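Asker: For reference, the structure I am asking about is given below.
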Amino acid sequence: MARRLVTALAGITLFLAVFPASAVDSSATIRYEAPATCPDAREFMKRVGQRTERARVALPDEDATVVVNVESAESGFRARMSLSGPAGATTREVSGAACDSVSSAMALITALAIERSFRTPQRPGQRVSA
């Protein structure tokens with residue numbers, strides 16, 4: 001537990017050193033909890049970060065816009081993600097035999113939900129540049 005806390009704090013410190021305040025303001029904040037046999041928060045954030053730049057670890061005194069909980073289940077593991085963002089709230093669940101697979105799937109689901117929720121809506125008649 002202490003190792004996870006140190007890892008999370010190191011990640012937060014690195015994030016704050018690299019990203020400007022404006023990037024923090026437009027990001028989804030994530031709180032991730034999982035059994036010790038599963039990927040830790042650092043690995044989960046790495047997987048989410050491969051798919052979106054709009055996510056960061058929630059600071060200890062900050063409300064998270066995304067909460068991900070992974071837990072043991074009869075058939076293996078179950079993950080639940082709850083997101084509260086500008087486009088509303090959503091909840092997603094995934095389950096599977098291996099925690100690594102469940103965590104990877106939830107990282108993809110989380111990144112897609114963040115992108116959808118934090119996307120700037122297109123105005124009617126506005127053209128999209130390619």
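Labels for the structure tokens follow display order: chains A, B, ..., residues from 1 in each chain, ligands from 1.
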Neighbours of stretch 86-88 of chain A within 8 Å (only C-alpha atoms; same-chain residues fewer than 4 positions away dropped), as a list in words?
Answerer: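 Contacts, in chain order: Arg116, Ser117 and Phe118 of chain A.
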Asker: I'd like the neighbourhood of A:Arg119 as a PDB file with C-alpha atoms, in the first residue's frame, where a residue qualifies if any of its atoms comes within 12 Å (using only C-alpha atoms), though same-chain residues fewer than 2 positions away should be ignored.
Answerer:
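Produced file result_8.pdb, reproduced below:
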ATOM      1  CA  SER A  26      -9.112  20.651 -19.101  1.00  0.00           C
ATOM      2  CA  SER A  27      -8.250  17.145 -17.936  1.00  0.00           C
ATOM      3  CA  ALA A  28     -10.304  14.366 -16.449  1.00  0.00           C
ATOM      4  CA  THR A  52      -5.884  10.229 -24.539  1.00  0.00           C
ATOM      5  CA  GLU A  53      -3.992  13.270 -23.314  1.00  0.00           C
ATOM      6  CA  ARG A  54      -6.999  14.493 -21.315  1.00  0.00           C
ATOM      7  CA  GLY A  85     -17.960  15.209 -17.066  1.00  0.00           C
ATOM      8  CA  PRO A  86     -19.177  18.156 -19.119  1.00  0.00           C
ATOM      9  CA  ALA A  87     -21.338  15.883 -21.300  1.00  0.00           C
ATOM     10  CA  ALA A 111     -10.026   6.858 -22.485  1.00  0.00           C
ATOM     11  CA  LEU A 112     -12.921   6.685 -24.952  1.00  0.00           C
ATOM     12  CA  ALA A 113     -15.387   7.948 -22.332  1.00  0.00           C
ATOM     13  CA  ILE A 114     -13.082  10.840 -21.444  1.00  0.00           C
ATOM     14  CA  GLU A 115     -12.620  11.825 -25.075  1.00  0.00           C
ATOM     15  CA  ARG A 116     -16.360  11.707 -25.662  1.00  0.00           C
ATOM     16  CA  SER A 117     -17.177  13.662 -22.519  1.00  0.00           C
ATOM     17  CA  PRO A 121     -18.991  20.209 -29.342  1.00  0.00           C
ATOM     18  CA  GLN A 122     -19.037  21.148 -32.987  1.00  0.00           C
TER      19      GLN A 122
END
Asker: Any idea what the distance is between atom CA of A:Leu108 and atom CA of A:Asp63?
Answerer: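 According to the coordinates, atom CA of A:Leu108 and atom CA of A:Asp63 are separated by 21.8 Å.
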Asker: Using only C-alpha atoms, find the one residue out of A:Ser95, A:Ser72, A:Thr110, A:Thr65 that sits nearest to A:Thr37.
Answerer: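 Counting only C-alpha atoms, the residue closest to A:Thr37 is A:Ser72.
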Asker: Would you mind telling me which residue in A:Ala107, A:Gln50, A:Glu93, A:Ala73 lies nearest to A:Ile30 when using only C-alpha atoms?
Answerer: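 Comparing A:Ala107, A:Gln50, A:Glu93, A:Ala73 against A:Ile30, the winner is A:Ala107.
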Asker: In stretch 12-104 of chain A, what's strand (DSSP E) per DSSP? Answer as a ChimeraX atom specification?
Answerer: /A:28-33,55-57,66-73,76-85,88-96
